[in-house]
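Below is one structure, written out as structure tokens, with a few remarks after it.
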Amino acid sequence: MPKYSEDFTPQEMIVVAGSRTLIDNKVVFAGTGLPMVAITLAQLTHGPGIVPVFEAGAVGPELSRGLPLSVGGSRTTYKANYLLGLNSAFELTQRGFCDFGFIGGAEIDPYGNLNSTMLGSYPDGYNKPKVRLPGSGGASDMACSCERTIIIMVHEPRRFSEKIDYITSPGYLDGSPNARWRAGMVGQGPYRVITTKAIMGFDDETKRMKLIATLPGETVESVQEATGFELIIPDDVYPFEPPTVEEIRLIREVIDPLGYFVKKKIKG
Amino acid sequence: MYWTGLSPDEARQFLANKDKSKRDKRISLKEAVQKYVKDGDNLGIAGFVDARQPIAIVHEIIRQGRKDLTLSYQSAGIAAEYLCGAMCLDDNKNSIKRMELAYLAHEAFGISPLLRYLTENSLIEMEDWSNYNMSARFKAGAMGLPFIPCRSPMGSDMLQTNRAIIQDCPFTNRPIMLLPASHPNVALVHVQEADIYGNCRIQGPLFTCPEISMASAHTIVTCDRLIEHDDMVRFPNRVSIPYFSVDAVIEVPYGAYPGNSNGLYYYDEKHIPEFRDACEKFRKGERAPLQEYFDNYIFGVENTTEFINKIPLNQIQHVEKIEPGIRLESAHTVLGS
């Protein structure tokens, strides 16, 4: 029986949840930030065979030189098995070499569509956004063309809305049958949404977000309350296993000792 | 349909008339920018976020001042932020008209404050794409094709305001996305090693540097080291950009600082936040720190050597020390001046 940690932050919990969702020996196309931390943790625990792919070009590197500050930084390239550039990396996703895309976002809707472009009215207000976000980067490419997508984000009501201002990275679009296929996408769409409060998936029929597990300290009610739309709540929702002492130690001492991505305090 | 930079036919014609001789292309950075970068140009910004961005070239452009620029890139960080900052401080001297981009921010270092400032005040025109889209647009340009098919991001709202077209594939009858080629007027590229003819050897990720250079009408290359031509061609398939795609070569050690140049120096985790903080203060209404930053590090110096002289030596030593060197040592002779 593992020893559970009694002292962890929501940001550390989300990294643990992300890590445990990853499957050994799968190719994971990694977005910047929390996905990189979660992949590193998975490699150090249950998933030594996970193959990380970084959009700037590195395929299958060893992440043992410290946490990358960027998906294009030198630390993504150490002992990489293949290293060209952005075109070659994204061509891998189109061809079907990438099992999972692992991305974050600022806003999400019930169908797993993500916004990382702008807040405000679109398209009318495109040239005067209320808040301009960094833009797609490679997230929209991963969301379309990796076989499945894992989404990781902070759980706040304003980030989970029935309707988002802008779809940067497509999920199941409007949820209608075969919406992704009809739009021309090759990947199957969102698999999990991992947040500071819960693990969620998507209903097979309606493609709406459903609760799978609540993280420590959360209940079905508290998760629903923090979600700006109605979640599907199946009967078999279960409490997620807390982080172990070892997982927290790895995050703090080995993976992100300077707290770049796993900040000590976050809102919400 | 409209083209920014050159249309595919113009780009073809331009290259047909270009001198492709193998000649010594070393000139000063000042002259290179005077000669090749014009007001109104579409500039292809190479590198990726804060890695191997053409910082030395961008600082020189800002010192000279250029207006109505279009910036084309997949993901940029400090290079684009510097140009935004120059515009924020004095748009009579430097200005950006338009950006064709996938991402402008600094990943672990935070968002781009001046992208927020300029867009939220409607001061620049935007055309959003994905990283793959911008990379594939440069690739189409480099391939001499007017467009390239692509599978993402179909279903995204980006397609409502960019020039992508969705059509049924004539062979599969399934929807496919078509992207217009990008042919910038000038590619701005920093590499680790080049020879005097312009052959470039990139270490680490290539990003989209070869495609941007070969799609553009002109290419300015800065390199951390000039190396002997014989060393360059000892490994022909390690040449990332061929000499006839390059117009000017300038040896500028630390030409991507404070960003990462793979194998030579890591991100400066002090200087990038110092600059970004000044940008954030500007966004929140405090102008002085950004003005001071530019006066101190860009306008107050002549070149990158003088800029680097202002950084504490131990800070430079640190970014070199923590960067794992993975150069092909056998192929590396530093060219004497």
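Simple scheme: letters A, B, ... for chains in structure tokens order, numbers from 1 for residues in each chain, numbers from 1 for ligands in the order shown.
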
Please produce, as a tab-separated table, a per-residue contact table for chain A versus chain B (criterion: any atom at most 8 Å away, only C-alpha atoms considered), showing the nearest atom pair and its distance in Å to one decimal, sorted by chain then residue number.
```
residue	atom	partner	partner_atom	distance
A:Thr32	CA	B:Glu107	CA	6.7
A:Gly33	CA	B:Ala108	CA	6.7
A:Ala56	CA	B:Phe207	CA	5.4
A:Gly57	CA	B:Pro205	CA	5.4
A:Ala58	CA	B:Pro205	CA	6.7
A:Leu69	CA	B:Ala108	CA	5.4
A:Ser70	CA	B:Glu107	CA	6.0
A:Gly72	CA	B:Phe48	CA	6.3
A:Gly73	CA	B:Ala51	CA	6.3
A:Ser74	CA	B:Asn262	CA	5.4
A:Thr77	CA	B:Gly204	CA	6.7
A:Leu83	CA	B:Pro205	CA	6.0
A:Leu84	CA	B:Leu206	CA	5.5
A:Gly85	CA	B:Phe207	CA	4.2
A:Leu86	CA	B:Phe207	CA	5.3
A:Asn87	CA	B:Ser135	CA	5.9
A:Phe90	CA	B:Tyr132	CA	6.2
A:Gln94	CA	B:Arg151	CA	6.8
A:Pro123	CA	B:Thr161	CA	7.2
A:Asn127	CA	B:Ser122	CA	5.5
A:Lys128	CA	B:Ser122	CA	5.1
A:Pro129	CA	B:Glu120	CA	5.3
A:Lys130	CA	B:Glu120	CA	6.2
A:Val131	CA	B:Glu120	CA	6.6
A:Arg132	CA	B:Arg116	CA	5.2
A:Leu133	CA	B:Arg116	CA	7.3
A:Pro134	CA	B:Leu104	CA	5.2
A:Gly135	CA	B:Tyr103	CA	4.6
A:Ser136	CA	B:Ala102	CA	5.5
A:Gly137	CA	B:Tyr103	CA	4.8
A:Gly138	CA	B:Asn131	CA	4.8
A:Ala139	CA	B:Ser130	CA	7.7
A:Ser140	CA	B:Pro153	CA	5.5
A:Asp141	CA	B:Ser152	CA	5.2
A:Ala143	CA	B:Pro153	CA	7.9
A:Cys144	CA	B:Ser152	CA	5.7
A:Ser145	CA	B:Ser152	CA	6.8
A:Tyr166	CA	B:Asp157	CA	6.1
A:Ile167	CA	B:Asp157	CA	5.2
A:Thr168	CA	B:Ser156	CA	5.3
A:Ser169	CA	B:Ser156	CA	6.1
A:Pro170	CA	B:Ser156	CA	5.7
A:Leu173	CA	B:Gly155	CA	7.0
A:Arg180	CA	B:Gly155	CA	7.6
A:Arg182	CA	B:Pro175	CA	7.6
A:Ala183	CA	B:Gly155	CA	5.9
A:Gly184	CA	B:Pro175	CA	4.9
A:Met185	CA	B:Met154	CA	6.4
A:Val186	CA	B:Arg151	CA	7.5
A:Tyr260	CA	B:Ala108	CA	6.3
A:Phe261	CA	B:Ala108	CA	6.8
```

Among stretch 37-203 of chain B, which ones does DSSP place in helix (DSSP H, G or I), written as a PyMOL selection string? chain B and resi 55-64+78-89+107-109+113-120+131-143+158-161

Taking the chain letters and numbering used in this document, name the residues of stretch 86-223 of chain A that DSSP puts in strand (DSSP E or B), as number ranges by chain. A: 100-103, 107-108, 114-115, 118-119, 131-132, 148-153, 160-161, 169, 190-195, 198-202, 209-214

What's around A:Glu107 at 7 Å? Count only C-alpha atoms, leave out sequence neighbours fewer than 6 positions away in its own chain, and write the answer as a PyMOL selection string. chain A and resi 114-115+159-160+164

Export of prior selection with C-alpha atoms as a PDB file, in the first residue's frame:
```pdb
ATOM      1  CA  LEU A 114     -10.864  24.921 -26.367  1.00  0.00           C
ATOM      2  CA  ASN A 115     -10.107  28.619 -26.602  1.00  0.00           C
ATOM      3  CA  ARG A 159     -13.131  28.640 -17.745  1.00  0.00           C
ATOM      4  CA  PHE A 160     -15.921  26.078 -18.214  1.00  0.00           C
ATOM      5  CA  ILE A 164     -16.852  29.876 -25.515  1.00  0.00           C
TER       6      ILE A 164
END
```

Near A:Asp203, counting only C-alpha atoms, which residues have an atom at most 10 Å away, once you skip same-chain residues fewer than 4 positions from it, shown as a list in words? Tyr111, Gly175, Lys207, Arg208, Met209, Lys210, Leu211, Ile232 and Pro234 of chain A

Please write the residues from the selection above to a file, keeping N, CA and C atoms, as a short mmCIF file (atom, residue, chain, number, x, y, z; two decimals), in the first residue's frame.
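After the write, selection-v5.cif holds the following:
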```cif
data_model
loop_
_atom_site.label_atom_id
_atom_site.label_comp_id
_atom_site.auth_asym_id
_atom_site.auth_seq_id
_atom_site.Cartn_x
_atom_site.Cartn_y
_atom_site.Cartn_z
N TYR A 111 -18.31 20.29 -25.07
CA TYR A 111 -17.89 19.34 -26.11
C TYR A 111 -16.37 19.26 -26.26
N GLY A 175 -21.17 18.64 -31.14
CA GLY A 175 -21.62 17.38 -30.53
C GLY A 175 -22.49 16.53 -31.43
N LYS A 207 -21.62 13.32 -26.70
CA LYS A 207 -20.31 13.95 -26.74
C LYS A 207 -20.17 15.09 -25.73
N ARG A 208 -21.07 15.14 -24.75
CA ARG A 208 -20.94 16.16 -23.70
C ARG A 208 -20.03 15.62 -22.58
N MET A 209 -19.46 16.58 -21.86
CA MET A 209 -18.50 16.22 -20.83
C MET A 209 -19.17 15.49 -19.67
N LYS A 210 -18.55 14.41 -19.21
CA LYS A 210 -19.10 13.69 -18.06
C LYS A 210 -18.03 13.52 -16.99
N LEU A 211 -18.49 13.50 -15.76
CA LEU A 211 -17.57 13.34 -14.63
C LEU A 211 -17.16 11.88 -14.53
N ILE A 232 -22.54 15.71 -17.11
CA ILE A 232 -23.23 14.43 -16.98
C ILE A 232 -22.60 13.72 -15.79
N PRO A 234 -22.53 10.25 -14.09
CA PRO A 234 -22.91 8.83 -14.08
C PRO A 234 -22.92 8.28 -12.65
#
```

Quick one: residues within 12 Å of stretch 193-196 of chain B, only C-alpha atoms, excluding same-chain residues fewer than 6 positions away - as a PyMOL selection string? chain B and resi 22-27+202-204+220-233+238-244+246-255+261-264+327-328+331-337

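Interatomic distance, atom CA of B:Ala86 to atom CA of A:Val71: 27.1 Å.
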
With only C-alpha atoms as the counted atoms, please give the residues lying no more than 12 Å from A:Glu253, apart from itself and same-chain residues fewer than 5 positions off, as a VMD selection string. chain A and resid 41 66 to 67 245 to 248 258 to 259 262
